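Asks: Structure file final-v4.cif (mmCIF, C-alpha atoms (C1' of nucleotides)) is given on the next line.
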data_my_file
loop_
_atom_site.label_atom_id
_atom_site.label_comp_id
_atom_site.auth_asym_id
_atom_site.auth_seq_id
_atom_site.Cartn_x
_atom_site.Cartn_y
_atom_site.Cartn_z
CA MET A 1 48.28 -65.76 -86.07
CA ASN A 2 49.22 -69.38 -85.84
CA ALA A 3 52.16 -69.72 -83.53
CA SER A 4 50.23 -72.43 -81.78
CA ILE A 5 50.98 -73.07 -78.17
CA ASP A 6 51.09 -76.72 -77.22
CA CYS A 7 48.18 -77.76 -75.02
CA LYS A 8 50.59 -79.73 -72.87
CA SER A 9 52.37 -76.60 -71.78
CA CYS A 10 49.18 -74.56 -71.37
CA HIS A 11 48.61 -72.93 -68.01
CA ASN A 12 44.85 -73.46 -68.08
CA GLU A 13 44.52 -76.61 -66.03
CA GLN A 14 40.75 -76.31 -65.91
CA CYS A 15 40.37 -76.14 -69.67
CA LEU A 16 38.25 -79.03 -70.93
CA ILE A 17 40.75 -79.78 -73.64
CA LYS A 18 43.69 -79.68 -71.31
CA LYS A 19 41.89 -81.93 -68.83
CA ASN A 20 40.62 -84.54 -71.25
CA CYS A 21 42.56 -84.48 -74.46
CA LEU A 22 46.16 -85.19 -73.69
CA THR A 23 45.63 -88.76 -74.88
CA GLU A 24 47.23 -90.52 -77.83
CA GLU A 25 44.13 -90.44 -80.00
CA ALA A 26 43.48 -86.76 -79.38
CA ILE A 27 46.96 -85.46 -80.13
CA PRO A 28 46.51 -85.28 -83.92
CA TYR A 29 43.46 -83.11 -83.42
CA LEU A 30 45.19 -80.85 -80.97
CA GLU A 31 47.71 -80.11 -83.64
CA GLN A 32 44.96 -78.63 -85.75
CA LYS A 33 44.18 -76.05 -83.13
CA LEU A 34 44.33 -72.46 -84.29
CA MET A 35 45.29 -69.56 -82.12
CA VAL A 36 43.86 -66.14 -82.74
CA LYS A 37 44.23 -62.78 -81.11
CA ALA A 38 41.50 -60.27 -80.50
CA LYS A 39 41.92 -56.72 -79.36
CA LYS A 40 39.90 -54.98 -76.73
CA ASN A 41 36.27 -54.48 -77.81
CA GLN A 42 36.74 -56.70 -80.83
CA PRO A 43 33.95 -59.20 -81.48
CA PHE A 44 35.17 -62.61 -82.60
CA ILE A 45 31.78 -64.29 -82.69
CA LEU A 46 28.91 -62.47 -84.33
CA GLU A 47 25.30 -63.26 -83.72
CA GLY A 48 23.86 -64.79 -86.88
CA ALA A 49 27.22 -65.65 -88.40
CA PRO A 50 27.93 -69.20 -89.55
CA VAL A 51 29.48 -71.38 -86.89
CA HIS A 52 33.21 -71.57 -87.23
CA GLY A 53 34.07 -73.97 -84.48
CA LEU A 54 34.63 -73.88 -80.79
CA TYR A 55 36.71 -71.36 -78.86
CA PHE A 56 38.65 -71.57 -75.66
CA ILE A 57 40.16 -68.54 -74.00
CA TYR A 58 43.88 -68.92 -73.71
CA LYS A 59 44.28 -65.61 -71.95
CA GLY A 60 41.94 -62.71 -71.28
CA LYS A 61 38.38 -61.75 -70.52
CA VAL A 62 35.35 -62.00 -72.76
CA LYS A 63 31.69 -61.04 -72.61
CA VAL A 64 29.11 -63.22 -74.27
CA ALA A 65 25.93 -61.40 -75.25
CA LYS A 66 22.65 -61.71 -77.03
CA THR A 67 21.13 -58.78 -78.87
CA GLY A 68 17.49 -57.89 -78.34
CA ILE A 69 15.04 -56.06 -80.57
CA ASN A 70 15.89 -52.41 -80.03
CA GLY A 71 19.60 -53.02 -79.95
CA LYS A 72 19.55 -53.85 -76.25
CA GLU A 73 22.23 -56.26 -75.28
CA GLN A 74 21.89 -58.93 -72.68
CA ILE A 75 25.22 -60.12 -71.42
CA VAL A 76 24.82 -63.83 -70.88
CA ARG A 77 28.07 -64.52 -69.14
CA LEU A 78 31.59 -63.35 -68.56
CA CYS A 79 34.52 -65.63 -69.25
CA GLN A 80 38.21 -65.78 -68.59
CA ASP A 81 41.21 -68.02 -69.10
CA GLY A 82 40.42 -71.63 -69.90
CA GLU A 83 36.71 -71.17 -70.53
CA ILE A 84 34.78 -72.40 -73.52
CA ILE A 85 32.85 -70.15 -75.91
CA GLY A 86 30.62 -70.87 -78.86
CA HIS A 87 29.46 -74.23 -77.59
CA ARG A 88 25.85 -73.61 -78.45
CA GLY A 89 26.69 -73.05 -82.06
CA PHE A 90 28.22 -76.27 -83.13
CA GLY A 91 26.63 -79.65 -83.71
CA VAL A 92 23.18 -79.07 -85.15
CA GLY A 93 23.37 -75.29 -85.19
CA GLN A 94 24.43 -73.55 -88.37
CA PHE A 95 24.62 -70.05 -86.95
CA TYR A 96 25.70 -68.53 -83.70
CA HIS A 97 22.93 -67.01 -81.66
CA ILE A 98 25.25 -65.15 -79.36
CA SER A 99 28.07 -62.75 -79.89
CA ALA A 100 31.37 -62.75 -78.06
CA VAL A 101 33.49 -59.65 -77.54
CA ALA A 102 36.93 -59.25 -76.02
CA ILE A 103 36.86 -57.08 -72.89
CA GLU A 104 40.62 -56.71 -73.08
CA ASP A 105 43.33 -57.86 -75.48
CA ILE A 106 42.99 -61.62 -75.59
CA MET A 107 44.35 -64.82 -77.08
CA LEU A 108 42.01 -67.59 -78.19
CA CYS A 109 42.25 -71.22 -79.16
CA ASN A 110 39.94 -72.31 -81.94
CA PHE A 111 38.94 -75.78 -83.08
CA SER A 112 37.08 -76.15 -86.35
CA ASN A 113 33.71 -77.88 -86.45
CA GLU A 114 35.25 -80.91 -88.00
CA VAL A 115 38.08 -81.22 -85.53
CA ILE A 116 35.90 -80.78 -82.49
CA ASN A 117 33.35 -83.27 -83.76
CA ASN A 118 36.04 -85.84 -84.32
CA MET A 119 37.48 -85.25 -80.91
CA LEU A 120 34.13 -85.70 -79.24
CA GLN A 121 33.78 -89.06 -80.95
CA LYS A 122 37.23 -90.20 -79.99
CA VAL A 123 37.46 -88.89 -76.47
CA PRO A 124 34.55 -89.93 -74.25
CA GLN A 125 35.87 -88.00 -71.26
CA LEU A 126 35.63 -84.84 -73.29
CA SER A 127 32.05 -85.56 -74.31
CA TYR A 128 31.13 -86.37 -70.75
CA ASN A 129 32.65 -83.22 -69.37
CA MET A 130 31.02 -81.18 -72.08
CA MET A 131 27.71 -82.65 -71.05
CA LEU A 132 28.30 -81.66 -67.45
CA PHE A 133 29.17 -78.21 -68.63
CA TYR A 134 25.96 -77.92 -70.65
CA ALA A 135 23.90 -79.03 -67.69
CA GLU A 136 25.50 -76.42 -65.48
CA GLU A 137 25.01 -73.73 -68.07
CA LEU A 138 21.36 -74.58 -68.36
CA ASN A 139 20.97 -74.33 -64.63
CA ARG A 140 22.67 -70.97 -64.61
CA SER A 141 20.54 -69.75 -67.41
CA GLU A 142 17.35 -70.78 -65.64
CA ASN A 143 18.47 -69.03 -62.50
CA LYS A 144 19.28 -65.93 -64.46
CA VAL A 145 15.80 -65.74 -65.91
CA ARG A 146 14.30 -65.95 -62.48
CA LYS A 147 16.62 -63.31 -61.10
CA ILE A 148 15.93 -60.84 -63.85
CA ALA A 149 12.22 -61.35 -63.46
CA GLN A 150 12.02 -61.24 -59.69
CA MET A 151 14.79 -59.09 -58.31
CA THR A 152 14.58 -55.36 -57.80
CA VAL A 153 17.02 -53.20 -59.72
CA ARG A 154 19.13 -52.68 -56.64
CA GLU A 155 19.31 -56.42 -56.07
CA LYS A 156 20.16 -57.11 -59.68
CA VAL A 157 23.02 -54.66 -59.65
CA ILE A 158 24.33 -56.06 -56.38
CA ASP A 159 24.04 -59.54 -57.77
CA ALA A 160 26.03 -58.53 -60.83
CA ILE A 161 28.77 -56.96 -58.73
CA LEU A 162 28.93 -60.01 -56.51
CA TYR A 163 29.25 -62.18 -59.58
CA MET A 164 32.13 -60.07 -60.81
CA ASN A 165 33.78 -60.55 -57.45
CA ARG A 166 33.14 -64.29 -57.28
CA LYS A 167 34.48 -64.88 -60.71
CA PHE A 168 37.37 -62.46 -60.97
CA GLY A 169 38.13 -61.54 -57.38
CA GLN A 170 39.65 -58.39 -55.94
CA THR A 171 43.14 -57.11 -55.42
CA ASN A 172 43.87 -54.07 -53.27
CA ASN A 173 40.14 -53.71 -52.68
CA LEU A 174 39.43 -53.31 -56.37
CA LEU A 175 37.70 -55.79 -58.66
CA ASN A 176 39.93 -57.54 -61.16
CA ILE A 177 37.56 -56.79 -63.99
CA GLN A 178 36.53 -53.47 -65.43
CA LEU A 179 33.12 -53.16 -66.97
CA SER A 180 31.43 -49.95 -68.01
CA ARG A 181 28.21 -49.03 -66.23
CA LYS A 182 26.46 -49.88 -69.44
CA GLU A 183 27.98 -53.35 -69.45
CA ILE A 184 26.98 -53.94 -65.86
CA ALA A 185 23.48 -52.86 -66.84
CA ASP A 186 23.44 -55.21 -69.81
CA PHE A 187 24.50 -57.99 -67.51
CA ALA A 188 22.07 -57.21 -64.71
CA GLY A 189 19.15 -56.61 -67.07
CA THR A 190 18.58 -52.91 -66.43
CA THR A 191 19.81 -49.53 -67.66
CA ASP A 192 23.10 -47.76 -67.12
CA GLU A 193 21.42 -44.90 -65.26
CA GLN A 194 19.97 -47.31 -62.75
CA VAL A 195 23.33 -48.97 -62.28
CA ILE A 196 24.92 -45.57 -61.65
CA ARG A 197 22.27 -44.74 -59.09
CA VAL A 198 22.66 -47.98 -57.21
CA ILE A 199 26.43 -47.69 -57.25
CA SER A 200 26.39 -44.13 -55.99
CA SER A 201 24.07 -44.96 -53.13
CA LEU A 202 26.20 -47.96 -52.23
CA LYS A 203 29.14 -45.60 -52.20
CA LYS A 204 27.33 -43.28 -49.80
CA GLU A 205 26.56 -46.24 -47.60
CA GLY A 206 30.24 -47.08 -47.48
CA ILE A 207 29.71 -50.52 -48.96
CA LEU A 208 31.42 -49.82 -52.25
CA ILE A 209 34.20 -47.64 -53.55
CA ALA A 210 34.59 -46.43 -57.12
CA GLN A 211 37.34 -44.66 -58.96
CA GLY A 212 35.99 -44.14 -62.42
CA LYS A 213 35.45 -47.51 -63.98
CA ARG A 214 37.17 -49.37 -61.17
CA LEU A 215 34.89 -50.73 -58.51
CA GLY A 216 35.82 -52.10 -55.14
CA ILE A 217 33.78 -53.90 -52.54
CA VAL A 218 34.39 -52.70 -49.01
CA LYS A 219 31.71 -54.55 -47.10
CA LEU A 220 31.21 -57.84 -48.84
CA ASP A 221 29.01 -59.30 -46.11
CA LYS A 222 26.60 -56.39 -46.30
CA LEU A 223 26.37 -56.78 -50.03
CA LYS A 224 25.72 -60.49 -49.79
CA ASN A 225 23.18 -59.94 -47.10
CA GLU A 226 20.99 -57.85 -49.37
CA ILE A 227 20.34 -60.64 -51.79
CA LYS A 228 20.58 -63.63 -49.52
CA GLU A 229 16.95 -64.60 -49.94
CA HIS A 230 17.48 -64.94 -53.68
CA ASN A 231 20.48 -67.18 -53.45
CA PHE A 232 18.93 -70.55 -52.94
CA PHE A 233 21.51 -71.60 -55.42
CA LEU A 234 24.85 -70.12 -56.23
CA ASP A 235 25.90 -68.67 -59.55
CA SER A 236 24.12 -66.63 -62.14
"C1'" DG B 1 45.22 -29.85 -75.59
"C1'" DC B 2 41.26 -31.01 -78.07
"C1'" DA B 3 37.63 -34.26 -79.22
"C1'" DT B 4 35.09 -38.12 -78.41
"C1'" DT B 5 33.13 -41.22 -75.01
"C1'" DA B 6 31.53 -42.43 -70.46
"C1'" DA B 7 29.65 -41.16 -65.96
"C1'" DT B 8 26.42 -38.61 -63.51
"C1'" DT B 9 22.26 -36.07 -62.33
"C1'" DG B 10 17.65 -34.40 -62.88
"C1'" DG B 11 13.34 -34.59 -64.91
"C1'" DT B 12 9.20 -36.77 -67.45
"C1'" DC B 13 6.17 -40.33 -68.52
"C1'" DG C 1 11.73 -48.17 -63.66
"C1'" DA C 2 12.78 -46.82 -68.48
"C1'" DC C 3 13.81 -43.08 -71.53
"C1'" DC C 4 15.57 -38.41 -72.59
"C1'" DA C 5 18.39 -34.26 -71.99
"C1'" DA C 6 22.06 -31.59 -69.96
"C1'" DT C 7 26.29 -31.36 -67.45
"C1'" DT C 8 30.65 -32.99 -66.01
"C1'" DA C 9 34.43 -36.25 -65.78
"C1'" DA C 10 37.52 -39.37 -68.12
"C1'" DT C 11 40.03 -41.02 -71.94
"C1'" DG C 12 41.82 -41.43 -76.56
"C1'" DC C 13 44.45 -39.32 -80.21
#
What would you get if you wrote out this structure as structure tokens?
Replies:
Amino acid sequence: MNASIDCKSCHNEQCLIKKNCLTEEAIPYLEQKLMVKAKKNQPFILEGAPVHGLYFIYKGKVKVAKTGINGKEQIVRLCQDGEIIGHRGFGVGQFYHISAVAIEDIMLCNFSNEVINNMLQKVPQLSYNMMLFYAEELNRSENKVRKIAQMTVREKVIDAILYMNRKFGQTNNLLNIQLSRKEIADFAGTTDEQVIRVISSLKKEGILIAQGKRLGIVKLDKLKNEIKEHNFFLDS
DNA sequence: GCATTAATTGGTC
DNA sequence: GACCAATTAATGC
């Protein structure tokens, strides 16, 4: 549980901690980092649970979701190595208003509320970069609202698949992330049946290939072309 | 191999 | 375009 890996030797160069906290004053806090494992499909942040600090993904993929009224999930974002999770919980917030679930077996770094607060006070670069991160997240979130409201189902599914490709890439013509149709639906803001229908017609059109859960993009340009009028700005 | 879960298809509102 | 039901494929144990 706590065979902590030194941040100095961490492979995640883009991690906010790695980038900003290898300074003298931050070292004592880094030593208080906890490392935890989570198995596939295991939630490590529960919506409504008391905030227990800030997480960074050491290795693996995670979905961050918000639960709606009739049990409908909205996947807010997908994360991988080096990314931060649980940032909206700490500070003023007492409870998480998102949940985070491991998509595969993962390893996490956790900083307690106290440690992270102290670090933010001591390391201005960290605070500054966190602020940039928040601003970007807000932008994304605003874009996402617009997309869900204005795109057709087909466009939303395509947008979700393109996001998966942008973020995780493809090897051997297959996406490096496996989501169920349901998860794609929860991300795109529609239902799994609709996702299946869009995927199967994209298959017939020769734009996509699918072997069970695994999806592969064959004609990326065609896919991009379908939603080009929505992409005034990049990410979702 | 069997049993549970996910993917798919068709139909209704 | 969501929800429901039935069938089939995939996957876990």
Asks: To verify the selection step, state as a list in words which residues the PyMOL selection byres ((chain B) within 8 of (chain A)) yields on this input.
Replies: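 That expression, the PyMOL selection byres ((chain B) within 8 of (chain A)), corresponds here to DA6, DA7 and DT8 of chain B.
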Asks: Set the distance at 9 Å and use all atoms listed in the file: which residues neighbour Phe90 in chain A once local chain neighbours fewer than 4 positions away are removed? I'd like the list as a PyMOL selection string.
Replies: chain A and resi 51-54+86+94-96+113+116-117
Asks: Within 9 Å of chain C, which residues of chain A show up? Give each one with its shortest atom-to-atom distance in Å (one decimal) and the two atoms involved, counting all atoms listed in the file, rows by chain then rising residue number, as a Markdown table.
Replies:
| residue | atom | partner | partner_atom | distance |
| --- | --- | --- | --- | --- |
| A:Val153 | CA | C:DG1 | C1' | 8.3 |
| A:Thr190 | CA | C:DA2 | C1' | 8.7 |
| A:Thr191 | CA | C:DA2 | C1' | 7.6 |
| A:Gln194 | CA | C:DG1 | C1' | 8.3 |
| A:Gly212 | CA | C:DA10 | C1' | 7.6 |
Asks: Just the selected residues (C-alpha atoms), exported as a PDB file, keeping the file's coordinate frame, please.
Replies:
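Wrote it out as selection.pdb, contents follow:
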ATOM      1  CA  VAL A 153      17.020 -53.200 -59.720  1.00  0.00           C
ATOM      2  CA  THR A 190      18.580 -52.910 -66.430  1.00  0.00           C
ATOM      3  CA  THR A 191      19.810 -49.530 -67.660  1.00  0.00           C
ATOM      4  CA  GLN A 194      19.970 -47.310 -62.750  1.00  0.00           C
ATOM      5  CA  GLY A 212      35.990 -44.140 -62.420  1.00  0.00           C
TER       6      GLY A 212
END
Asks: Pick out the residues sitting within 12 Å of Thr171 in chain A, and hand them over as a PyMOL selection string; count all atoms listed in the file, and ignore anything fewer than 6 positions along from it in its own chain.
Replies: chain A and resi 165+177+214-218
Asks: Any idea what the distance is between C1' of DT9 in chain B and CA of Ala188 in chain A?
Replies: 21.3 Å
Asks: Taking (34.3, -74.1, -76.0) in the file's own coordinates, collect the residues within 10 Å, counting all atoms listed in the file, and hand them back as a PyMOL selection string.
Replies: chain A and resi 15-17+53-57+82-90+109-111+116+130+133
Asks: Written as a PyMOL selection string, what is the full residue list that the PyMOL selection byres ((chain A and resi 26-34) around 10) yields on the file shown?
Replies: chain A and resi 1-8+17-18+20-25+35-36+55+108-112+114-116+118-120+122-123
